Amino acid sequence: MSSFYRRKYRSIEITVGPAYWPVLGLTTLLAFLQTVVVPLLAFRGAVPSLVTIAVVLYASRAGARRGALLALPAGLLEDVFAGTGGGWTVSTTIVALLVGLFSRRMFADGAFVPAVLCGAAVLVRDLMFWSIMRIEGFPPGFAVAHLHASLWRALLTALVAFAWLILRGRLVTDKTTIERYGYT
Amino acid sequence: MAALVALLQLDFARAGRTSPLTATVTAVSAYLQLAASAVVNGVRGGFAAVVRTPGLASENGRLRGDNGALRAQNDELRERLARIPAARGLAAAQLAHPDGITATVIGYDPEASMRIVTISRGAKDGVRRDDGVVTGAGVAGRIVEVGPLSSKVLLVTDPTSKLPAIVQHGRWWAIAVGTSTRVKLQYVSQDAKLHVGDRVVTGEGRSFHAGVLIGRIKQIEPVSAGALDQTAIVQPAADLSALSDVVVLPQKI
């Protein structure tokens, strides 16, 4: 009986966090913006990663598994737009898994901690991306060569995430799980 | 009393002077006239406004429409003005390469980690892998991926981009490698007498014919002891940070 229970309800994470499909739609939109508009606003050769923000914020609230389910198509879209061979797909998915696991040990509420998490995720993601590109045959040393740009990207991403979370905090009041499912 | 007043007035009139009574009454009445005329004019203006209100509303709407149209026209003209250099560059590129396929840049690398852009022409338009891509100013890059309707261009500044190059003055051969922001000219003979400002053009290769401008030497790196070659930094002639229109050069057969 207990094994049946565990198989059907592997985690309580499925009952919290935003709904998947609207977030996937929003992330797709952000990925389009990321390829068409955001590069035009580059600062010191770096652009904030809107896709990373979406994936990290979702994974920190919805858990590792659902975060990875969002990260997979998001990273795939970025690979399609960038013309790279799976580097973003794999690195984004791993970042979502890491953030999902890490978020069990912290409160994702507020703006500062999730924003810092977004910035850190950009660094980890870039490092993994260039490692994968190295495995795919790129010359070595690209991660180091792009470190400066990665640091700027992390900073810009953290700032955008912070601004978004502050704005969202003022405009949106999240329902509690009890309110959402009507257990009154 | 009336007769007295009348006689006094007559007396002043005959003397050609203004009587004090006349002066007083005139002064007071002037203020009253001013006040009255202000009220009357105000009322008359208000009435006229009330009468003309429906007309004013429609006139206002028409003027707003005209204003909107003029603003839109102004925006369009500003955009055309802003596009003139790009259009001129594209026209120059088309003139230099009549067989070229014109394309518009429609996308960039989402994470700006690689110097790759997406253009609006693909296999359907005759674009093939390794085709060269130029702007009016010079080399932009080469095609690395072709889809049915779009293609990806690896810019000459990407660290994975390598092109055969020639320093025009002196005809020294080299390899032009991207450095993310500029191009590094590698393996230039140690005998080459490089100068800042020298033009660097493509050598005969798979993607380009010889002689297409890559850029100008911006900096010559000091030669280390025992080195067999020298390197120089080249500023690309094409503004790769603001690419909008490019010409794809079909590969030589």
# chains A, B, ... in the order shown; residues from 1 in each chain; ligands from 1

call {"tool": "closest_atom_pairs", "arguments": {"of": "chain A", "to": "chain B", "cutoff": "8 Å", "atoms": "only C-alpha atoms", "output": "tab-separated table"}}
result
residue	atom	partner	partner_atom	distance
A:Ala31	CA	B:Pro110	CA	7.3
A:Gln34	CA	B:Pro110	CA	4.9
A:Thr35	CA	B:Pro110	CA	4.2
A:Val36	CA	B:Gly107	CA	4.9
A:Val38	CA	B:Pro110	CA	7.5
A:Pro39	CA	B:Tyr108	CA	6.4
A:Gly45	CA	B:Ala112	CA	7.3
A:Ala46	CA	B:Ala112	CA	6.5
A:Val47	CA	B:Glu111	CA	6.6
A:Pro48	CA	B:Glu111	CA	7.8
A:Ser49	CA	B:Glu111	CA	6.5
A:Glu78	CA	B:Pro110	CA	6.4
A:Phe81	CA	B:Asp109	CA	6.4
A:Ala82	CA	B:Asp109	CA	4.6
A:Gly83	CA	B:Lys152	CA	7.0
A:Phe138	CA	B:Thr160	CA	7.9
A:His146	CA	B:Ser113	CA	7.5

call {"tool": "residues_around", "arguments": {"residues": "stretch 154-168 of chain A", "least_positions_apart": "3", "cutoff": "12 Å", "atoms": "only C-alpha atoms", "output": "VMD selection string"}}
result
(chain A and resid 38 41 to 57 108 to 127 146 to 151 171 to 174) or (chain B and resid 111)

call {"tool": "atom_distance", "arguments": {"atom1": "atom CA of A:Val95", "atom2": "atom CA of A:Gly141"}}
result
21.4 Å

call {"tool": "closest_residue", "arguments": {"among": "A:Trp88, A:Phe32, A:Phe129, A:Tyr20", "to": "A:Gly63", "atoms": "only C-alpha atoms"}}
result
A:Tyr20

call {"tool": "select_by_dssp", "arguments": {"residues": "stretch 13-140 of chain B", "states": "strand (DSSP E or B)", "output": "list of chain:residue names"}}
result
B:Ile101, B:Thr102, B:Ala103, B:Thr104, B:Val105, B:Ile106, B:Gly107, B:Tyr108, B:Ile116, B:Val117, B:Thr118, B:Ile119, B:Gly132, B:Val133, B:Val134, B:Val139, B:Ala140

call {"tool": "write_last_selection", "arguments": {"atoms": "C-alpha atoms", "output": "PDB file, in the first residue's frame"}}
result
ATOM      1  CA  ILE B 101      20.505  37.688 -52.260  1.00  0.00           C
ATOM      2  CA  THR B 102      19.285  40.534 -50.065  1.00  0.00           C
ATOM      3  CA  ALA B 103      18.103  39.559 -46.600  1.00  0.00           C
ATOM      4  CA  THR B 104      16.960  41.171 -43.393  1.00  0.00           C
ATOM      5  CA  VAL B 105      18.254  40.297 -39.939  1.00  0.00           C
ATOM      6  CA  ILE B 106      15.307  38.876 -38.017  1.00  0.00           C
ATOM      7  CA  GLY B 107      16.888  37.440 -34.888  1.00  0.00           C
ATOM      8  CA  TYR B 108      19.916  37.369 -32.666  1.00  0.00           C
ATOM      9  CA  ILE B 116      25.192  34.556 -34.632  1.00  0.00           C
ATOM     10  CA  VAL B 117      22.250  36.267 -36.307  1.00  0.00           C
ATOM     11  CA  THR B 118      19.244  34.861 -38.129  1.00  0.00           C
ATOM     12  CA  ILE B 119      18.367  36.255 -41.572  1.00  0.00           C
ATOM     13  CA  GLY B 132      29.431  34.612 -47.611  1.00  0.00           C
ATOM     14  CA  VAL B 133      27.387  37.451 -46.131  1.00  0.00           C
ATOM     15  CA  VAL B 134      28.283  41.123 -46.593  1.00  0.00           C
ATOM     16  CA  VAL B 139      32.203  41.312 -44.627  1.00  0.00           C
ATOM     17  CA  ALA B 140      29.563  40.354 -42.059  1.00  0.00           C
TER      18      ALA B 140
END

call {"tool": "atom_distance", "arguments": {"atom1": "atom CA of B:Thr157", "atom2": "atom CA of B:Asp229"}}
result
21.3 Å

call {"tool": "residues_around", "arguments": {"residues": "B:Ala237", "least_positions_apart": "2", "cutoff": "10 Å", "atoms": "only C-alpha atoms", "output": "short mmCIF file (atom, residue, chain, number, x, y, z; two decimals) with C-alpha atoms, in the first residue's frame"}}
result
data_model
loop_
_atom_site.label_atom_id
_atom_site.label_comp_id
_atom_site.auth_asym_id
_atom_site.auth_seq_id
_atom_site.Cartn_x
_atom_site.Cartn_y
_atom_site.Cartn_z
CA THR B 135 26.91 44.56 -45.87
CA GLY B 136 27.63 47.69 -47.87
CA ALA B 137 30.63 48.34 -45.64
CA GLY B 138 32.24 44.92 -45.80
CA VAL B 139 32.20 41.31 -44.63
CA ALA B 140 29.56 40.35 -42.06
CA ARG B 199 42.93 47.65 -45.12
CA VAL B 200 42.38 43.95 -44.60
CA LEU B 213 36.84 44.39 -47.21
CA ILE B 214 36.98 42.89 -43.70
CA GLY B 215 38.20 45.99 -41.88
CA ARG B 216 41.21 48.08 -40.98
CA VAL B 234 41.28 44.57 -36.97
CA GLN B 235 38.22 46.76 -36.54
CA ASP B 239 28.88 47.68 -37.94
CA LEU B 240 27.98 44.23 -36.67
#
